[in-house]
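What follows is one structure encoded as C-alpha cells, with my remarks underneath.
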2 protein chains.
Amino acid sequence: MEPQRTSVDPPIKLAIADSLRMKIEKGQLEPGDSLPTLHELTTKWNCSITSAREALNLLKEQGLVSGGRGRPLRVRGLGAQTRRSSTRHQWEKDRVHEPEEERRKAGTSELETNKPIGDVDFTATYSRIPASKDVATALGVEEDSDVIQRVYETKDRKTKHRTNWSVSYIPVSLISKNPELLDEKNEPWPGGTQHQLSTVGIEIMKVVDEVTSRMSTTVERQLWGLDTGVPMLRVRRISYDRHGTPVEISDADYPADRTVLEFMTELKEW
Amino acid sequence: MEPQRTSVDPPIKLAIADSLRMKIEKGQLEPGDSLPTLHELTTKWNCSITSAREALNLLKEQGLVSGGRGRPLRVRGLGAQTRRSSTRHQWEKDRVHEPEEERRKAGTSELETNKPIGDVDFTATYSRIPASKDVATALGVEEDSDVIQRVYETKDRKTKHRTNWSVSYIPVSLISKNPELLDEKNEPWPGGTQHQLSTVGIEIMKVVDEVTSRMSTTVERQLWGLDTGVPMLRVRRISYDRHGTPVEISDADYPADRTVLEFMTELKEW
DNA sequence: GAGTGGTCTAGACCACTGT
DNA sequence: CAGTGGTCTAGACCACTCC
C-alpha cells in the first residue's frame, strides 16, 4: 500500500507515473512486461480511473510505454536502430566516377533504408518553385528565385507506413544546363545527388549537417506508424562546391526510436 | 460552428487539436498568441471541458504550446538556438600546445555554454567505478574493469536550472600515470579533456559522435526547466587515439528546443 | 464473452495570474 | 476578485484483443 497523501504536494498522477518509471529504470519492469492495469492502479493508489490513466499517459508521452487498444500496456524496448553515418557522403562521392551499373547497385542516400528494395514504394516529386525565405538564406540566393524542390519518400508496401522522407532544394540556375536533372522521371538516379550534380560540373567538397529534434505530431505518427512519445530527428544537410558556395540543401526526418546518426571527425596530427 | 460529429470517426480531442494545429501551421496563430480558453472550446465544439483539455494536452506534448498555471496557453516560439559544432574538436586539439593562460581563457566543451561564467555553477564529480556492460563495450575493455567516471554539470545560479550535463568514462589504466587526472579538484582543467589526455601521451586522432533523441522525462523537465513536449538530444562521443583505440567516451544531453548540432564533413578531391 | 485501454461527460476544488 | 488552467472524481460507452 502506498503512503497517505496530503492535500498539496505532488499530483497523484505524477506519484504513480514516477513510481512506475522508477521500476522501469531499475529493471523491475523489463521491456515487454505488462504494466499494472488501470483497475489495479486505482485500488493500489486509491484514486479515480482518470488519474491512473493520466499517469499512464505521461509514460506514453515519454516513450517509456506502448500498447493499449485492447492489449495491456507494455514497457517499450529499444527497437533495432538504423545507423546513418556521415561517411556516406565520401562513399557516395567515390562512386560518382564508377560505371553506371556499379552506381545502380549502390543505391542512394535519398532512398537508403534497411528493407529489401521491392518491399518499399519509392516516389520522387519535383517542383520548380520560388525559394522561401528559409531556403533562400541557406542557399545564399535571392528570395523567390527559381529553385527545384525534390521530395523523396519511401513507404513500406505492406503497412503503407512511411519509412523515409526528405526534401531537397537546388537553384535551377545551377543545373538547367542538363534538363534531365529537372525531370523526376529519371529518379531514382543511379549514384544519387552527387552524381547528378557532377553532370553539370559541380564537385561537392564539403557537407555540413545540422541536427535538431522535435516531438512528432499526431499526423506524423500516423504517417510513419509511430508510438506516442517518439521524437523526430531533423537533419539539414548543406552541400558546398569547390568555391565554398552552397549548391544543395536537404532536410530529412528520422524517427528517433529507430535511428542513430553517426558523424566522424578526423583530427590533424600534431 | 463546427460540423455535426457522428459517433465513430476521429475522436473529438483530435479534431480540436488538429484544427488548432493547422491554424498554428498556417500562421493564423503566431508564436505568442493566446489559444482559445477551455470554456470557449467547450461551447465552440459542444464538448466537455475534459475533452477540450485533452486536445490542448496533445498540443503541449507536441511542443506547440506552452503556458498555463493561471496564464492563458500560448503558441510556443523557437527560442534562441545554441549551435554546437564538431569543429570544436579540432579547435580544442589546436589549443593543447598553447600556454596555460591561453587554455584557461578558452574554456572547455564540458563547460561550454552561452552564459557568462559567474552566472553559472559548475560541478565536476569523479568516481572510480567498474565499467558497465555498455561502457565496457564502447571502450573495448573488459566488463567491470576500472574506469573513471566524470560527471560535469552547470546550473544557472539564479534559476537553479541545469544548463549543461555530460558524463565521461576513461579506463583508469590509461591515465593512472598522472594522478592529477584522477582528482576532481583540478576541474575545470584548462584545455579540457584533450589536454588532460596529452599529459599521459595520448593524442586524439578521431572523434565519432553518435546522435539520438528521446522524449524528456518529467524529472528532466524539472531539472532543466523545460516545457512539456521538448525532446532531449543525446550525443555519445567516442574519442580514438593514434592506434585507433577508444580512450574516452562521453554522453551529453541537450534540450532540443535550444540546440542545433552541427557536423562538418570535408570530402577528398577527385 | 471477459477484460483491456480509449474516449468522453459533468461536474468539483485548487493554485496561480492579473486587475 | 474574476478568470485561467491543473488536478481529480465517478462514472458511461466503445473498440479491440484474447480466449
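In the C-alpha cells, each chain is lettered A, B, ... as it comes, each chain's residues begin at 1, and ligands are numbered from 1 in order of appearance.
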* Can you list, as a ChimeraX atom specification, every residue of segment 46-268 of chain A that DSSP puts in helix (DSSP H, G or I)? -> /A:49-61,87-95,100-106,133-139,172-175,179-182,184-186,192-198,218-224,256-258
* **Those of segment 15-234 of chain A in DSSP strand (DSSP E), formatted as a ChimeraX atom specification** => /A:65-67,73-75,82-85,120-130,146-156,162-171,206-215,231-234
* Using only C-alpha atoms, find the one residue out of A:Leu59, A:Leu29, A:Ile170, A:Ala136 that sits nearest to chain B. =>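 Of A:Leu59, A:Leu29, A:Ile170, A:Ala136, the one nearest chain B, counting only C-alpha atoms, is A:Leu59.
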Segment 11-19 of chain D surroundings by only C-alpha atoms (C1' of nucleotides), 8 Å radius, close-in-sequence under 5 positions cut, as a short mmCIF file (atom, residue, chain, number, x, y, z; two decimals) with C-alpha atoms (C1' of nucleotides), in the first residue's frame:
data_model
loop_
_atom_site.label_atom_id
_atom_site.label_comp_id
_atom_site.auth_asym_id
_atom_site.auth_seq_id
_atom_site.Cartn_x
_atom_site.Cartn_y
_atom_site.Cartn_z
CA ARG A 69 -6.25 -0.79 -27.69
CA GLY A 70 -7.42 -3.97 -26.01
CA ARG A 71 -3.85 -5.03 -25.35
"C1'" DT C 4 -8.24 -4.23 -21.68
"C1'" DT C 7 -12.78 8.42 -25.29
#
Report the closest atom pair, with its distance in Å rounded to one decimal, for each residue of chain A that has an atom no farther than 8 Å from chain B; count only C-alpha atoms, sort by chain and then rising residue number, and write it as a tab-separated table.
residue	atom	partner	partner_atom	distance
A:Glu61	CA	B:Glu61	CA	6.7
A:Gln62	CA	B:Met215	CA	5.0
A:Gly63	CA	B:Met215	CA	6.4
A:Ser86	CA	B:Thr265	CA	7.2
A:His89	CA	B:Leu267	CA	7.6
A:Gln90	CA	B:Leu267	CA	5.8
A:Lys93	CA	B:Leu267	CA	7.9
A:Ile204	CA	B:Leu267	CA	7.3
A:Met205	CA	B:Leu267	CA	4.9
A:Lys206	CA	B:Glu266	CA	4.5
A:Val207	CA	B:Thr265	CA	5.1
A:Val208	CA	B:Met264	CA	4.5
A:Asp209	CA	B:Phe263	CA	5.1
A:Glu210	CA	B:Glu262	CA	4.5
A:Val211	CA	B:Leu261	CA	5.0
A:Thr212	CA	B:Val260	CA	5.3
A:Ser213	CA	B:Ala256	CA	5.5
A:Arg214	CA	B:Pro231	CA	6.1
A:Met215	CA	B:Gln62	CA	5.0
A:Ser216	CA	B:Gln62	CA	6.3
A:Thr217	CA	B:Gln62	CA	5.8
A:Gly229	CA	B:Met215	CA	6.1
A:Val230	CA	B:Arg214	CA	6.6
A:Pro231	CA	B:Arg214	CA	6.1
A:Met232	CA	B:Ser213	CA	7.8
A:Leu233	CA	B:Ser213	CA	7.0
A:Ala256	CA	B:Ser213	CA	5.5
A:Asp257	CA	B:Arg214	CA	7.4
A:Thr259	CA	B:Thr212	CA	6.8
A:Val260	CA	B:Thr212	CA	5.3
A:Leu261	CA	B:Val211	CA	5.0
A:Glu262	CA	B:Glu210	CA	4.5
A:Phe263	CA	B:Asp209	CA	5.1
A:Met264	CA	B:Val208	CA	4.5
A:Thr265	CA	B:Val207	CA	5.1
A:Glu266	CA	B:Lys206	CA	4.5
A:Leu267	CA	B:Met205	CA	5.0
A:Lys268	CA	B:Met205	CA	6.9
A:Glu269	CA	B:Met205	CA	7.0
* To do: Kindly determine which residues of chain D lie within 8 Å of chain B, considering only C-alpha atoms (C1' of nucleotides), and give the answer as an MDAnalysis selection string.
  => chainID D and resid 4:6
Dump all heavy atoms for the selected residues as an mmCIF file, in the first residue's frame?
data_model
loop_
_atom_site.group_PDB
_atom_site.id
_atom_site.type_symbol
_atom_site.label_atom_id
_atom_site.label_comp_id
_atom_site.auth_asym_id
_atom_site.auth_seq_id
_atom_site.Cartn_x
_atom_site.Cartn_y
_atom_site.Cartn_z
ATOM 1 P P DT D 4 -11.564 32.857 -18.606
ATOM 2 O OP1 DT D 4 -11.625 33.292 -20.013
ATOM 3 O OP2 DT D 4 -12.639 32.024 -18.014
ATOM 4 O "O5'" DT D 4 -10.202 32.075 -18.404
ATOM 5 C "C5'" DT D 4 -8.953 32.651 -18.855
ATOM 6 C "C4'" DT D 4 -7.829 31.891 -18.239
ATOM 7 O "O4'" DT D 4 -7.965 31.999 -16.803
ATOM 8 C "C3'" DT D 4 -7.901 30.391 -18.469
ATOM 9 O "O3'" DT D 4 -7.312 30.061 -19.691
ATOM 10 C "C2'" DT D 4 -7.071 29.869 -17.300
ATOM 11 C "C1'" DT D 4 -7.276 30.928 -16.216
ATOM 12 N N1 DT D 4 -8.062 30.480 -15.035
ATOM 13 C C2 DT D 4 -7.394 29.976 -13.963
ATOM 14 O O2 DT D 4 -6.179 29.857 -13.929
ATOM 15 N N3 DT D 4 -8.188 29.612 -12.901
ATOM 16 C C4 DT D 4 -9.570 29.710 -12.830
ATOM 17 O O4 DT D 4 -10.183 29.353 -11.830
ATOM 18 C C5 DT D 4 -10.213 30.241 -13.991
ATOM 19 C C7 DT D 4 -11.703 30.368 -14.015
ATOM 20 C C6 DT D 4 -9.441 30.601 -15.026
ATOM 21 P P DG D 5 -7.588 28.661 -20.285
ATOM 22 O OP1 DG D 5 -7.137 28.688 -21.689
ATOM 23 O OP2 DG D 5 -8.980 28.305 -19.959
ATOM 24 O "O5'" DG D 5 -6.626 27.733 -19.438
ATOM 25 C "C5'" DG D 5 -5.221 27.927 -19.540
ATOM 26 C "C4'" DG D 5 -4.534 27.238 -18.376
ATOM 27 O "O4'" DG D 5 -5.265 27.508 -17.158
ATOM 28 C "C3'" DG D 5 -4.467 25.718 -18.487
ATOM 29 O "O3'" DG D 5 -3.200 25.296 -17.979
ATOM 30 C "C2'" DG D 5 -5.596 25.260 -17.606
ATOM 31 C "C1'" DG D 5 -5.539 26.304 -16.494
ATOM 32 N N9 DG D 5 -6.794 26.453 -15.773
ATOM 33 C C8 DG D 5 -8.010 26.831 -16.283
ATOM 34 N N7 DG D 5 -8.950 26.868 -15.389
ATOM 35 C C5 DG D 5 -8.314 26.485 -14.214
ATOM 36 C C6 DG D 5 -8.834 26.338 -12.897
ATOM 37 O O6 DG D 5 -9.987 26.525 -12.513
ATOM 38 N N1 DG D 5 -7.856 25.930 -11.998
ATOM 39 C C2 DG D 5 -6.541 25.688 -12.328
ATOM 40 N N2 DG D 5 -5.740 25.291 -11.343
ATOM 41 N N3 DG D 5 -6.041 25.833 -13.546
ATOM 42 C C4 DG D 5 -6.987 26.230 -14.438
ATOM 43 P P DG D 6 -2.858 23.740 -17.773
ATOM 44 O OP1 DG D 6 -1.416 23.552 -17.962
ATOM 45 O OP2 DG D 6 -3.832 22.967 -18.558
ATOM 46 O "O5'" DG D 6 -3.159 23.522 -16.222
ATOM 47 C "C5'" DG D 6 -2.155 23.866 -15.261
ATOM 48 C "C4'" DG D 6 -2.238 22.921 -14.084
ATOM 49 O "O4'" DG D 6 -3.490 23.132 -13.391
ATOM 50 C "C3'" DG D 6 -2.234 21.447 -14.474
ATOM 51 O "O3'" DG D 6 -1.465 20.718 -13.516
ATOM 52 C "C2'" DG D 6 -3.687 21.058 -14.462
ATOM 53 C "C1'" DG D 6 -4.232 21.935 -13.342
ATOM 54 N N9 DG D 6 -5.640 22.282 -13.512
ATOM 55 C C8 DG D 6 -6.249 22.701 -14.658
ATOM 56 N N7 DG D 6 -7.525 22.938 -14.501
ATOM 57 C C5 DG D 6 -7.763 22.661 -13.166
ATOM 58 C C6 DG D 6 -8.964 22.734 -12.413
ATOM 59 O O6 DG D 6 -10.080 23.072 -12.794
ATOM 60 N N1 DG D 6 -8.762 22.360 -11.093
ATOM 61 C C2 DG D 6 -7.560 21.972 -10.557
ATOM 62 N N2 DG D 6 -7.555 21.649 -9.270
ATOM 63 N N3 DG D 6 -6.436 21.902 -11.252
ATOM 64 C C4 DG D 6 -6.615 22.255 -12.545
#
* Excluding same-chain residues fewer than 2 positions from Ala131 of chain B, what lies within 9 Å of it counting only C-alpha atoms (C1' of nucleotides), as a PyMOL selection string? -> chain B and resi 129+133-136+141-148+169+171
Excluding same-chain residues fewer than 3 positions from segment 184-186 of chain B, what lies within 9 Å of it counting only C-alpha atoms (C1' of nucleotides), as a PDB file with N, CA, C and O atoms, in the first residue's frame?
ATOM      1  N   ALA B 124      32.089  19.239 -11.071  1.00  0.00           N
ATOM      2  CA  ALA B 124      32.631  18.041 -11.701  1.00  0.00           C
ATOM      3  C   ALA B 124      32.765  16.995 -10.606  1.00  0.00           C
ATOM      4  O   ALA B 124      33.267  17.281  -9.524  1.00  0.00           O
ATOM      5  N   THR B 125      32.265  15.806 -10.867  1.00  0.00           N
ATOM      6  CA  THR B 125      32.305  14.735  -9.875  1.00  0.00           C
ATOM      7  C   THR B 125      32.981  13.523 -10.470  1.00  0.00           C
ATOM      8  O   THR B 125      32.520  12.973 -11.459  1.00  0.00           O
ATOM      9  N   TYR B 126      34.091  13.109  -9.845  1.00  0.00           N
ATOM     10  CA  TYR B 126      34.814  11.935 -10.334  1.00  0.00           C
ATOM     11  C   TYR B 126      34.497  10.740  -9.456  1.00  0.00           C
ATOM     12  O   TYR B 126      34.391  10.849  -8.241  1.00  0.00           O
ATOM     13  N   SER B 127      34.340   9.584 -10.076  1.00  0.00           N
ATOM     14  CA  SER B 127      34.245   8.345  -9.298  1.00  0.00           C
ATOM     15  C   SER B 127      34.976   7.232 -10.037  1.00  0.00           C
ATOM     16  O   SER B 127      34.895   7.151 -11.263  1.00  0.00           O
ATOM     17  N   ARG B 150      33.407  10.689 -14.912  1.00  0.00           N
ATOM     18  CA  ARG B 150      33.447  12.116 -14.595  1.00  0.00           C
ATOM     19  C   ARG B 150      32.131  12.742 -15.028  1.00  0.00           C
ATOM     20  O   ARG B 150      31.779  12.716 -16.212  1.00  0.00           O
ATOM     21  N   GLU B 180      47.025  13.490 -11.074  1.00  0.00           N
ATOM     22  CA  GLU B 180      46.194  14.704 -11.109  1.00  0.00           C
ATOM     23  C   GLU B 180      44.924  14.497 -11.925  1.00  0.00           C
ATOM     24  O   GLU B 180      43.931  15.185 -11.733  1.00  0.00           O
ATOM     25  N   LEU B 181      45.001  13.550 -12.857  1.00  0.00           N
ATOM     26  CA  LEU B 181      43.837  13.313 -13.707  1.00  0.00           C
ATOM     27  C   LEU B 181      42.746  12.557 -12.968  1.00  0.00           C
ATOM     28  O   LEU B 181      41.633  12.421 -13.475  1.00  0.00           O
ATOM     29  N   TRP B 189      39.629  21.884 -15.805  1.00  0.00           N
ATOM     30  CA  TRP B 189      41.001  21.730 -16.280  1.00  0.00           C
ATOM     31  C   TRP B 189      41.210  22.607 -17.527  1.00  0.00           C
ATOM     32  O   TRP B 189      40.495  22.436 -18.503  1.00  0.00           O
TER      33      TRP B 189
END
Residues of chain C within 12 Å of chain B: nearest atom pair and distance (Å, one decimal) for each, counting only C-alpha atoms (C1' of nucleotides), sorted by chain and number, as JSON lines?
{"residue": "C:DG6", "atom": "C1'", "partner": "B:Pro11", "partner_atom": "CA", "distance": 9.4}
{"residue": "C:DT7", "atom": "C1'", "partner": "B:Pro11", "partner_atom": "CA", "distance": 7.0}
{"residue": "C:DC8", "atom": "C1'", "partner": "B:Ser51", "partner_atom": "CA", "distance": 6.8}
{"residue": "C:DT9", "atom": "C1'", "partner": "B:Ser48", "partner_atom": "CA", "distance": 6.1}
{"residue": "C:DA10", "atom": "C1'", "partner": "B:Ser48", "partner_atom": "CA", "distance": 7.3}
{"residue": "C:DG11", "atom": "C1'", "partner": "B:Ile49", "partner_atom": "CA", "distance": 9.4}
{"residue": "C:DC14", "atom": "C1'", "partner": "B:Arg69", "partner_atom": "CA", "distance": 11.1}
{"residue": "C:DA15", "atom": "C1'", "partner": "B:Arg69", "partner_atom": "CA", "distance": 7.4}
{"residue": "C:DC16", "atom": "C1'", "partner": "B:Gly70", "partner_atom": "CA", "distance": 4.7}
{"residue": "C:DT17", "atom": "C1'", "partner": "B:Gly70", "partner_atom": "CA", "distance": 4.8}
{"residue": "C:DG18", "atom": "C1'", "partner": "B:Arg71", "partner_atom": "CA", "distance": 8.8}
Store the residues picked out above, limited to C-alpha atoms (C1' of nucleotides), as an mmCIF file, in the first residue's frame.
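Produced file selection.cif, reproduced below:
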data_model
loop_
_atom_site.group_PDB
_atom_site.id
_atom_site.type_symbol
_atom_site.label_atom_id
_atom_site.label_comp_id
_atom_site.auth_asym_id
_atom_site.auth_seq_id
_atom_site.Cartn_x
_atom_site.Cartn_y
_atom_site.Cartn_z
ATOM 1 C "C1'" DG C 6 -9.553 4.860 -25.397
ATOM 2 C "C1'" DT C 7 -12.779 8.418 -25.286
ATOM 3 C "C1'" DC C 8 -15.973 11.258 -23.067
ATOM 4 C "C1'" DT C 9 -19.250 13.541 -19.685
ATOM 5 C "C1'" DA C 10 -20.295 16.819 -15.991
ATOM 6 C "C1'" DG C 11 -19.013 18.405 -12.778
ATOM 7 C "C1'" DC C 14 -7.293 24.149 -6.250
ATOM 8 C "C1'" DA C 15 -3.212 27.413 -7.412
ATOM 9 C "C1'" DC C 16 -1.977 30.937 -9.905
ATOM 10 C "C1'" DT C 17 -2.419 35.321 -12.699
ATOM 11 C "C1'" DG C 18 -3.955 39.679 -13.498
#
* **Atomic separation - atom CA of Gly191 of chain B relative to atom CA of Arg103 of chain B, Å** =>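 These atoms are spaced 4.8 Å apart.
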Which residues, written as a compact mmCIF listing (two decimals) with N, CA, C and O atoms, in the first residue's frame, have at least one atom at most 6 Å from Thr154 of chain A, with only C-alpha atoms (C1' of nucleotides) counted and residues fewer than 6 positions away on the same chain left out?
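Written out: part-v3.txt:
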# COMPACT_ATOMS: atom_id res chain seq x y z
N ASP A 121 7.73 1.21 -51.62
CA ASP A 121 7.38 2.06 -52.75
C ASP A 121 8.18 3.35 -52.67
O ASP A 121 8.18 4.01 -51.63
N PHE A 122 8.83 3.69 -53.77
CA PHE A 122 9.65 4.89 -53.79
C PHE A 122 8.97 5.94 -54.67
O PHE A 122 8.49 5.63 -55.76
N ARG A 162 5.28 5.24 -43.89
CA ARG A 162 6.45 5.92 -44.42
C ARG A 162 7.70 5.35 -43.76
O ARG A 162 7.71 5.08 -42.56
N THR A 163 8.73 5.13 -44.54
CA THR A 163 9.98 4.65 -43.96
C THR A 163 11.12 5.64 -44.17
O THR A 163 12.20 5.47 -43.62
N ASN A 164 10.86 6.65 -45.00
CA ASN A 164 11.93 7.55 -45.38
C ASN A 164 11.32 8.79 -45.96
O ASN A 164 10.38 8.72 -46.73
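Atom pair atom CA of Lys155 of chain B / atom CA of Thr193 of chain B: separated by 20.5 Å.
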Give me the residues near DA12 of chain C as a compact mmCIF listing (two decimals) with all heavy atoms, in the first residue's frame, where near means some atom within 12 Å (using only C-alpha atoms (C1' of nucleotides)) and where sequence neighbours in that chain fewer than 4 positions away do not count.
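Just written: result-v4.txt:
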# COMPACT_ATOMS: atom_id res chain seq x y z
P DT D 7 -1.40 19.16 -13.61
OP1 DT D 7 -0.12 18.79 -12.97
OP2 DT D 7 -1.74 18.69 -14.97
O5' DT D 7 -2.57 18.71 -12.65
C5' DT D 7 -2.40 18.86 -11.25
C4' DT D 7 -3.63 18.36 -10.55
O4' DT D 7 -4.80 18.99 -11.11
C3' DT D 7 -3.87 16.86 -10.70
O3' DT D 7 -3.71 16.27 -9.42
C2' DT D 7 -5.29 16.74 -11.25
C1' DT D 7 -5.88 18.11 -10.94
N1 DT D 7 -6.97 18.56 -11.82
C2 DT D 7 -8.22 18.74 -11.30
O2 DT D 7 -8.48 18.54 -10.13
N3 DT D 7 -9.16 19.15 -12.20
C4 DT D 7 -8.98 19.41 -13.54
O4 DT D 7 -9.90 19.78 -14.25
C5 DT D 7 -7.63 19.21 -14.03
C7 DT D 7 -7.32 19.45 -15.47
C6 DT D 7 -6.70 18.80 -13.16
P DC D 8 -3.77 14.70 -9.25
OP1 DC D 8 -3.15 14.38 -7.96
OP2 DC D 8 -3.25 14.12 -10.50
O5' DC D 8 -5.32 14.36 -9.15
C5' DC D 8 -6.08 14.94 -8.10
C4' DC D 8 -7.55 14.68 -8.31
O4' DC D 8 -8.03 15.46 -9.40
C3' DC D 8 -7.91 13.24 -8.69
O3' DC D 8 -8.24 12.53 -7.50
C2' DC D 8 -9.13 13.42 -9.61
C1' DC D 8 -9.29 14.93 -9.73
N1 DC D 8 -9.67 15.43 -11.09
C2 DC D 8 -10.97 15.85 -11.32
O2 DC D 8 -11.80 15.81 -10.39
N3 DC D 8 -11.31 16.30 -12.56
C4 DC D 8 -10.39 16.34 -13.52
N4 DC D 8 -10.77 16.80 -14.72
C5 DC D 8 -9.06 15.92 -13.31
C6 DC D 8 -8.73 15.46 -12.09
P DT D 9 -8.85 11.02 -7.59
OP1 DT D 9 -8.60 10.40 -6.27
OP2 DT D 9 -8.39 10.37 -8.83
O5' DT D 9 -10.41 11.26 -7.74
C5' DT D 9 -11.06 12.10 -6.81
C4' DT D 9 -12.55 12.12 -7.10
O4' DT D 9 -12.79 12.89 -8.30
C3' DT D 9 -13.19 10.75 -7.32
O3' DT D 9 -14.34 10.64 -6.51
C2' DT D 9 -13.55 10.74 -8.80
C1' DT D 9 -13.74 12.22 -9.10
N1 DT D 9 -13.45 12.61 -10.51
C2 DT D 9 -14.43 13.19 -11.25
O2 DT D 9 -15.56 13.41 -10.84
N3 DT D 9 -14.06 13.53 -12.54
C4 DT D 9 -12.82 13.32 -13.11
O4 DT D 9 -12.61 13.66 -14.27
C5 DT D 9 -11.83 12.70 -12.27
C7 DT D 9 -10.47 12.42 -12.79
C6 DT D 9 -12.18 12.37 -11.02
P DA D 10 -14.78 9.23 -5.93
OP1 DA D 10 -15.43 9.52 -4.64
OP2 DA D 10 -13.67 8.27 -6.02
O5' DA D 10 -15.89 8.76 -6.95
C5' DA D 10 -17.03 9.59 -7.18
C4' DA D 10 -17.78 9.08 -8.40
O4' DA D 10 -17.19 9.67 -9.59
C3' DA D 10 -17.68 7.56 -8.60
O3' DA D 10 -18.97 7.07 -9.01
C2' DA D 10 -16.67 7.42 -9.72
C1' DA D 10 -17.03 8.64 -10.55
N9 DA D 10 -16.02 9.04 -11.53
C8 DA D 10 -14.69 8.80 -11.51
N7 DA D 10 -14.05 9.28 -12.55
C5 DA D 10 -15.03 9.89 -13.30
C6 DA D 10 -15.02 10.58 -14.52
N6 DA D 10 -13.92 10.79 -15.23
N1 DA D 10 -16.20 11.06 -15.00
C2 DA D 10 -17.31 10.85 -14.29
N3 DA D 10 -17.46 10.21 -13.12
C4 DA D 10 -16.27 9.76 -12.68
